[in-house]
Amino acid sequence: MKIGIGFDIHRFEKDRKFILGSIEIPYSHGLIGHSDGDVLFHSLSDAILGSLGKPDIGFYFPDTDEKIKGIDSKKILQKVLTIMKKENCIIENIDVVIICEKPKLSPYVPLIRKKISEIIGIDEKNIGIKVKTYEGIGEIGKGNACACLSSVLIS
């Protein structure tokens, strides 16, 4: 068994799509990034790579590569899963903490859990997702950013 931890944070920008766990969240702002800015899939991908002792997603998807500008983060996660499968590993469970002041994300947790389950191929009962605010502290608390922490257990 191996454990991996991932983290990501992006700033919000007006008139962008807010993508989280490959789900579009209705909101006036979206996350800025070289990709679609999906902090959940970025942190989850880094957690998987970390559990394998591999470099982070920036190694595989550098923000200097214009060919992947705007890439769907689902493709990043799928590439990471391919790397994991080459190591003959499987994900046993996932635990995620999404930190975002607004919009309220709890109504989207079941959809996000289902999407992760479909992409990774593990039972939804093995995916924990929590949404937290930052109690008005810092850039996240002001509503200017969204962050995510992820952990995975692989065997």
# chains A, B, ... in the order shown; residues from 1 in each chain; ligands from 1

$ select_by_dssp --residues "chain A" --states "helix (DSSP H, G or I)" --output "VMD selection string"
chain A and resid 39 to 51 57 to 60 66 to 68 73 to 86 106 to 120 124 to 126 138 to 141

$ select_by_dssp --residues "range 4-146 of chain A" --states "strand (DSSP E or B)" --output "PyMOL selection string"
chain A and resi 4-14+18-20+23-25+29-31+91-100+127-132+145-146

$ closest_residue --among "A:Ser117, A:Ser45, A:Gln78, A:Ser35" --to "Asp63 in chain A" --atoms "only C-alpha atoms"
A:Ser35

$ closest_residue --among "A:Ser43, A:Thr64, A:Ser51, A:Ser73" --to "Ile19 in chain A" --atoms "only C-alpha atoms"
A:Ser73

$ residues_around --residues "range 57-59 of chain A" --least-positions-apart "4" --cutoff "12 Å" --atoms "only C-alpha atoms" --output "PyMOL selection string"
chain A and resi 6-8+33-35+39+41-50+63-65+68+73+75-81+83

$ write_last_selection --atoms "C-alpha atoms" --output "short mmCIF file (atom, residue, chain, number, x, y, z; two decimals), in the first residue's frame"
data_model
loop_
_atom_site.label_atom_id
_atom_site.label_comp_id
_atom_site.auth_asym_id
_atom_site.auth_seq_id
_atom_site.Cartn_x
_atom_site.Cartn_y
_atom_site.Cartn_z
CA GLY A 6 -1.89 16.40 -3.70
CA PHE A 7 -2.73 20.08 -3.49
CA ASP A 8 -3.78 22.74 -5.97
CA GLY A 33 -5.13 28.07 -15.30
CA HIS A 34 -3.13 26.84 -18.28
CA SER A 35 -5.74 24.07 -18.41
CA VAL A 39 -8.20 22.15 -8.87
CA PHE A 41 -8.47 16.84 -10.77
CA HIS A 42 -5.09 18.57 -10.48
CA SER A 43 -4.71 17.75 -6.79
CA LEU A 44 -6.02 14.22 -7.32
CA SER A 45 -3.59 13.68 -10.20
CA ASP A 46 -0.69 14.92 -8.06
CA ALA A 47 -1.77 12.63 -5.20
CA ILE A 48 -1.69 9.61 -7.54
CA LEU A 49 1.69 10.61 -8.96
CA GLY A 50 3.03 11.20 -5.44
CA ASP A 63 2.37 25.40 -18.40
CA THR A 64 4.87 26.48 -21.06
CA ASP A 65 3.40 24.03 -23.59
CA ILE A 68 -2.11 21.92 -24.21
CA SER A 73 -8.22 18.25 -16.78
CA LYS A 75 -7.31 14.21 -19.88
CA ILE A 76 -4.62 15.00 -17.31
CA LEU A 77 -6.19 12.56 -14.84
CA GLN A 78 -6.56 9.90 -17.54
CA LYS A 79 -2.85 10.22 -18.45
CA VAL A 80 -1.92 9.88 -14.76
CA LEU A 81 -4.12 6.78 -14.50
CA ILE A 83 1.04 5.91 -15.69
#

$ atom_distance --atom1 "CA of Ile99 in chain A" --atom2 "CA of Pro55 in chain A"
24.0 Å

$ closest_residue --among "A:Ala147, A:Ile120, A:Val97, A:Met1" --to "Asp38 in chain A" --atoms "only C-alpha atoms"
A:Ala147

$ residues_around --residues "Lys14 in chain A" --least-positions-apart "2" --cutoff "10 Å" --atoms "only C-alpha atoms" --output "list of chain:residue names"
A:Phe12, A:Arg16, A:Lys17, A:Phe18, A:Tyr27, A:Ser28, A:His29, A:Gly30, A:Leu31, A:Ile32

$ residues_around --residues "Val131 in chain A" --least-positions-apart "3" --cutoff "9 Å" --atoms "only C-alpha atoms" --output "PyMOL selection string"
chain A and resi 96-100+104-106+109

$ atom_distance --atom1 "CA of Ser22 in chain A" --atom2 "CA of Ile112 in chain A"
7.4 Å

$ atom_distance --atom1 "CA of Gly121 in chain A" --atom2 "CA of Leu149 in chain A"
20.5 Å

$ closest_residue --among "A:Ile116, A:Ile9, A:Cys148, A:Leu153" --to "Lys132 in chain A" --atoms "only C-alpha atoms"
A:Cys148

$ closest_residue --among "A:Lys125, A:Pro110, A:Arg11, A:Asn88" --to "Asn144 in chain A" --atoms "only C-alpha atoms"
A:Arg11

$ closest_residue --among "A:Ser155, A:Lys114, A:Lys102, A:Asp72" --to "Tyr134 in chain A" --atoms "only C-alpha atoms"
A:Lys102

$ decode --residues "range 21-59 of chain A" --atoms "N, CA and C atoms" --output "PDB file, in the first residue's frame"
ATOM      1  N   GLY A  21     -13.926  18.760 -10.677  1.00  0.00           N
ATOM      2  CA  GLY A  21     -14.194  17.330 -10.810  1.00  0.00           C
ATOM      3  C   GLY A  21     -14.874  17.004 -12.122  1.00  0.00           C
ATOM      4  N   SER A  22     -14.532  17.776 -13.147  1.00  0.00           N
ATOM      5  CA  SER A  22     -15.081  17.619 -14.495  1.00  0.00           C
ATOM      6  C   SER A  22     -16.567  17.979 -14.590  1.00  0.00           C
ATOM      7  N   ILE A  23     -17.083  18.655 -13.565  1.00  0.00           N
ATOM      8  CA  ILE A  23     -18.467  19.118 -13.544  1.00  0.00           C
ATOM      9  C   ILE A  23     -18.448  20.638 -13.667  1.00  0.00           C
ATOM     10  N   GLU A  24     -19.297  21.186 -14.526  1.00  0.00           N
ATOM     11  CA  GLU A  24     -19.391  22.641 -14.631  1.00  0.00           C
ATOM     12  C   GLU A  24     -20.343  23.151 -13.555  1.00  0.00           C
ATOM     13  N   ILE A  25     -19.813  23.986 -12.680  1.00  0.00           N
ATOM     14  CA  ILE A  25     -20.577  24.566 -11.580  1.00  0.00           C
ATOM     15  C   ILE A  25     -21.108  25.929 -12.046  1.00  0.00           C
ATOM     16  N   PRO A  26     -22.412  26.158 -11.989  1.00  0.00           N
ATOM     17  CA  PRO A  26     -22.937  27.465 -12.393  1.00  0.00           C
ATOM     18  C   PRO A  26     -22.435  28.567 -11.450  1.00  0.00           C
ATOM     19  N   TYR A  27     -21.680  29.503 -12.019  1.00  0.00           N
ATOM     20  CA  TYR A  27     -21.123  30.592 -11.226  1.00  0.00           C
ATOM     21  C   TYR A  27     -20.620  31.671 -12.183  1.00  0.00           C
ATOM     22  N   SER A  28     -20.546  32.891 -11.717  1.00  0.00           N
ATOM     23  CA  SER A  28     -20.116  34.015 -12.557  1.00  0.00           C
ATOM     24  C   SER A  28     -18.615  34.036 -12.801  1.00  0.00           C
ATOM     25  N   HIS A  29     -17.866  33.237 -12.049  1.00  0.00           N
ATOM     26  CA  HIS A  29     -16.415  33.196 -12.150  1.00  0.00           C
ATOM     27  C   HIS A  29     -15.942  31.758 -12.360  1.00  0.00           C
ATOM     28  N   GLY A  30     -14.782  31.625 -12.975  1.00  0.00           N
ATOM     29  CA  GLY A  30     -14.150  30.321 -13.137  1.00  0.00           C
ATOM     30  C   GLY A  30     -12.699  30.421 -12.737  1.00  0.00           C
ATOM     31  N   LEU A  31     -12.033  29.291 -12.695  1.00  0.00           N
ATOM     32  CA  LEU A  31     -10.652  29.252 -12.223  1.00  0.00           C
ATOM     33  C   LEU A  31      -9.665  29.465 -13.367  1.00  0.00           C
ATOM     34  N   ILE A  32      -8.690  30.314 -13.128  1.00  0.00           N
ATOM     35  CA  ILE A  32      -7.648  30.620 -14.112  1.00  0.00           C
ATOM     36  C   ILE A  32      -6.606  29.507 -14.068  1.00  0.00           C
ATOM     37  N   GLY A  33      -6.193  29.059 -15.233  1.00  0.00           N
ATOM     38  CA  GLY A  33      -5.129  28.066 -15.302  1.00  0.00           C
ATOM     39  C   GLY A  33      -4.711  27.852 -16.737  1.00  0.00           C
ATOM     40  N   HIS A  34      -3.584  27.187 -16.929  1.00  0.00           N
ATOM     41  CA  HIS A  34      -3.130  26.837 -18.277  1.00  0.00           C
ATOM     42  C   HIS A  34      -4.087  25.819 -18.882  1.00  0.00           C
ATOM     43  N   SER A  35      -4.713  25.029 -18.006  1.00  0.00           N
ATOM     44  CA  SER A  35      -5.739  24.070 -18.414  1.00  0.00           C
ATOM     45  C   SER A  35      -7.095  24.713 -18.132  1.00  0.00           C
ATOM     46  N   ASP A  36      -8.097  23.872 -17.861  1.00  0.00           N
ATOM     47  CA  ASP A  36      -9.415  24.398 -17.481  1.00  0.00           C
ATOM     48  C   ASP A  36      -9.464  24.834 -16.014  1.00  0.00           C
ATOM     49  N   GLY A  37      -8.351  24.646 -15.284  1.00  0.00           N
ATOM     50  CA  GLY A  37      -8.250  25.119 -13.899  1.00  0.00           C
ATOM     51  C   GLY A  37      -8.919  24.234 -12.864  1.00  0.00           C
ATOM     52  N   ASP A  38      -9.210  22.986 -13.197  1.00  0.00           N
ATOM     53  CA  ASP A  38      -9.910  22.070 -12.294  1.00  0.00           C
ATOM     54  C   ASP A  38      -8.999  21.659 -11.133  1.00  0.00           C
ATOM     55  N   VAL A  39      -9.080  22.399 -10.019  1.00  0.00           N
ATOM     56  CA  VAL A  39      -8.198  22.147  -8.871  1.00  0.00           C
ATOM     57  C   VAL A  39      -8.377  20.747  -8.294  1.00  0.00           C
ATOM     58  N   LEU A  40      -9.577  20.207  -8.376  1.00  0.00           N
ATOM     59  CA  LEU A  40      -9.808  18.871  -7.832  1.00  0.00           C
ATOM     60  C   LEU A  40      -9.031  17.820  -8.634  1.00  0.00           C
ATOM     61  N   PHE A  41      -9.178  17.839  -9.958  1.00  0.00           N
ATOM     62  CA  PHE A  41      -8.473  16.843 -10.766  1.00  0.00           C
ATOM     63  C   PHE A  41      -6.969  17.062 -10.751  1.00  0.00           C
ATOM     64  N   HIS A  42      -6.535  18.315 -10.588  1.00  0.00           N
ATOM     65  CA  HIS A  42      -5.091  18.568 -10.483  1.00  0.00           C
ATOM     66  C   HIS A  42      -4.533  18.002  -9.182  1.00  0.00           C
ATOM     67  N   SER A  43      -5.212  18.252  -8.073  1.00  0.00           N
ATOM     68  CA  SER A  43      -4.708  17.752  -6.791  1.00  0.00           C
ATOM     69  C   SER A  43      -4.800  16.233  -6.726  1.00  0.00           C
ATOM     70  N   LEU A  44      -5.862  15.673  -7.287  1.00  0.00           N
ATOM     71  CA  LEU A  44      -6.017  14.217  -7.317  1.00  0.00           C
ATOM     72  C   LEU A  44      -4.926  13.576  -8.182  1.00  0.00           C
ATOM     73  N   SER A  45      -4.652  14.189  -9.329  1.00  0.00           N
ATOM     74  CA  SER A  45      -3.585  13.676 -10.203  1.00  0.00           C
ATOM     75  C   SER A  45      -2.235  13.722  -9.499  1.00  0.00           C
ATOM     76  N   ASP A  46      -1.952  14.826  -8.802  1.00  0.00           N
ATOM     77  CA  ASP A  46      -0.693  14.924  -8.060  1.00  0.00           C
ATOM     78  C   ASP A  46      -0.620  13.910  -6.922  1.00  0.00           C
ATOM     79  N   ALA A  47      -1.756  13.630  -6.275  1.00  0.00           N
ATOM     80  CA  ALA A  47      -1.765  12.626  -5.205  1.00  0.00           C
ATOM     81  C   ALA A  47      -1.417  11.244  -5.760  1.00  0.00           C
ATOM     82  N   ILE A  48      -1.988  10.911  -6.912  1.00  0.00           N
ATOM     83  CA  ILE A  48      -1.689   9.610  -7.536  1.00  0.00           C
ATOM     84  C   ILE A  48      -0.214   9.543  -7.918  1.00  0.00           C
ATOM     85  N   LEU A  49       0.276  10.597  -8.570  1.00  0.00           N
ATOM     86  CA  LEU A  49       1.693  10.614  -8.956  1.00  0.00           C
ATOM     87  C   LEU A  49       2.599  10.539  -7.731  1.00  0.00           C
ATOM     88  N   GLY A  50       2.245  11.241  -6.667  1.00  0.00           N
ATOM     89  CA  GLY A  50       3.028  11.198  -5.435  1.00  0.00           C
ATOM     90  C   GLY A  50       3.085   9.809  -4.836  1.00  0.00           C
ATOM     91  N   SER A  51       1.963   9.100  -4.880  1.00  0.00           N
ATOM     92  CA  SER A  51       1.940   7.740  -4.332  1.00  0.00           C
ATOM     93  C   SER A  51       2.869   6.808  -5.110  1.00  0.00           C
ATOM     94  N   LEU A  52       3.128   7.149  -6.361  1.00  0.00           N
ATOM     95  CA  LEU A  52       4.005   6.344  -7.217  1.00  0.00           C
ATOM     96  C   LEU A  52       5.456   6.823  -7.182  1.00  0.00           C
ATOM     97  N   GLY A  53       5.706   7.927  -6.453  1.00  0.00           N
ATOM     98  CA  GLY A  53       7.053   8.485  -6.402  1.00  0.00           C
ATOM     99  C   GLY A  53       7.433   9.201  -7.692  1.00  0.00           C
ATOM    100  N   LYS A  54       6.442   9.666  -8.426  1.00  0.00           N
ATOM    101  CA  LYS A  54       6.667  10.348  -9.708  1.00  0.00           C
ATOM    102  C   LYS A  54       6.621  11.867  -9.510  1.00  0.00           C
ATOM    103  N   PRO A  55       7.109  12.628 -10.512  1.00  0.00           N
ATOM    104  CA  PRO A  55       7.003  14.092 -10.443  1.00  0.00           C
ATOM    105  C   PRO A  55       5.542  14.538 -10.539  1.00  0.00           C
ATOM    106  N   ASP A  56       5.295  15.815 -10.254  1.00  0.00           N
ATOM    107  CA  ASP A  56       3.922  16.328 -10.297  1.00  0.00           C
ATOM    108  C   ASP A  56       3.442  16.551 -11.733  1.00  0.00           C
ATOM    109  N   ILE A  57       2.171  16.982 -11.875  1.00  0.00           N
ATOM    110  CA  ILE A  57       1.594  17.114 -13.210  1.00  0.00           C
ATOM    111  C   ILE A  57       2.298  18.171 -14.059  1.00  0.00           C
ATOM    112  N   GLY A  58       2.951  19.131 -13.422  1.00  0.00           N
ATOM    113  CA  GLY A  58       3.700  20.134 -14.176  1.00  0.00           C
ATOM    114  C   GLY A  58       4.828  19.529 -15.001  1.00  0.00           C
ATOM    115  N   PHE A  59       5.341  18.392 -14.581  1.00  0.00           N
ATOM    116  CA  PHE A  59       6.381  17.679 -15.329  1.00  0.00           C
ATOM    117  C   PHE A  59       5.801  17.113 -16.621  1.00  0.00           C
TER     118      PHE A  59
END
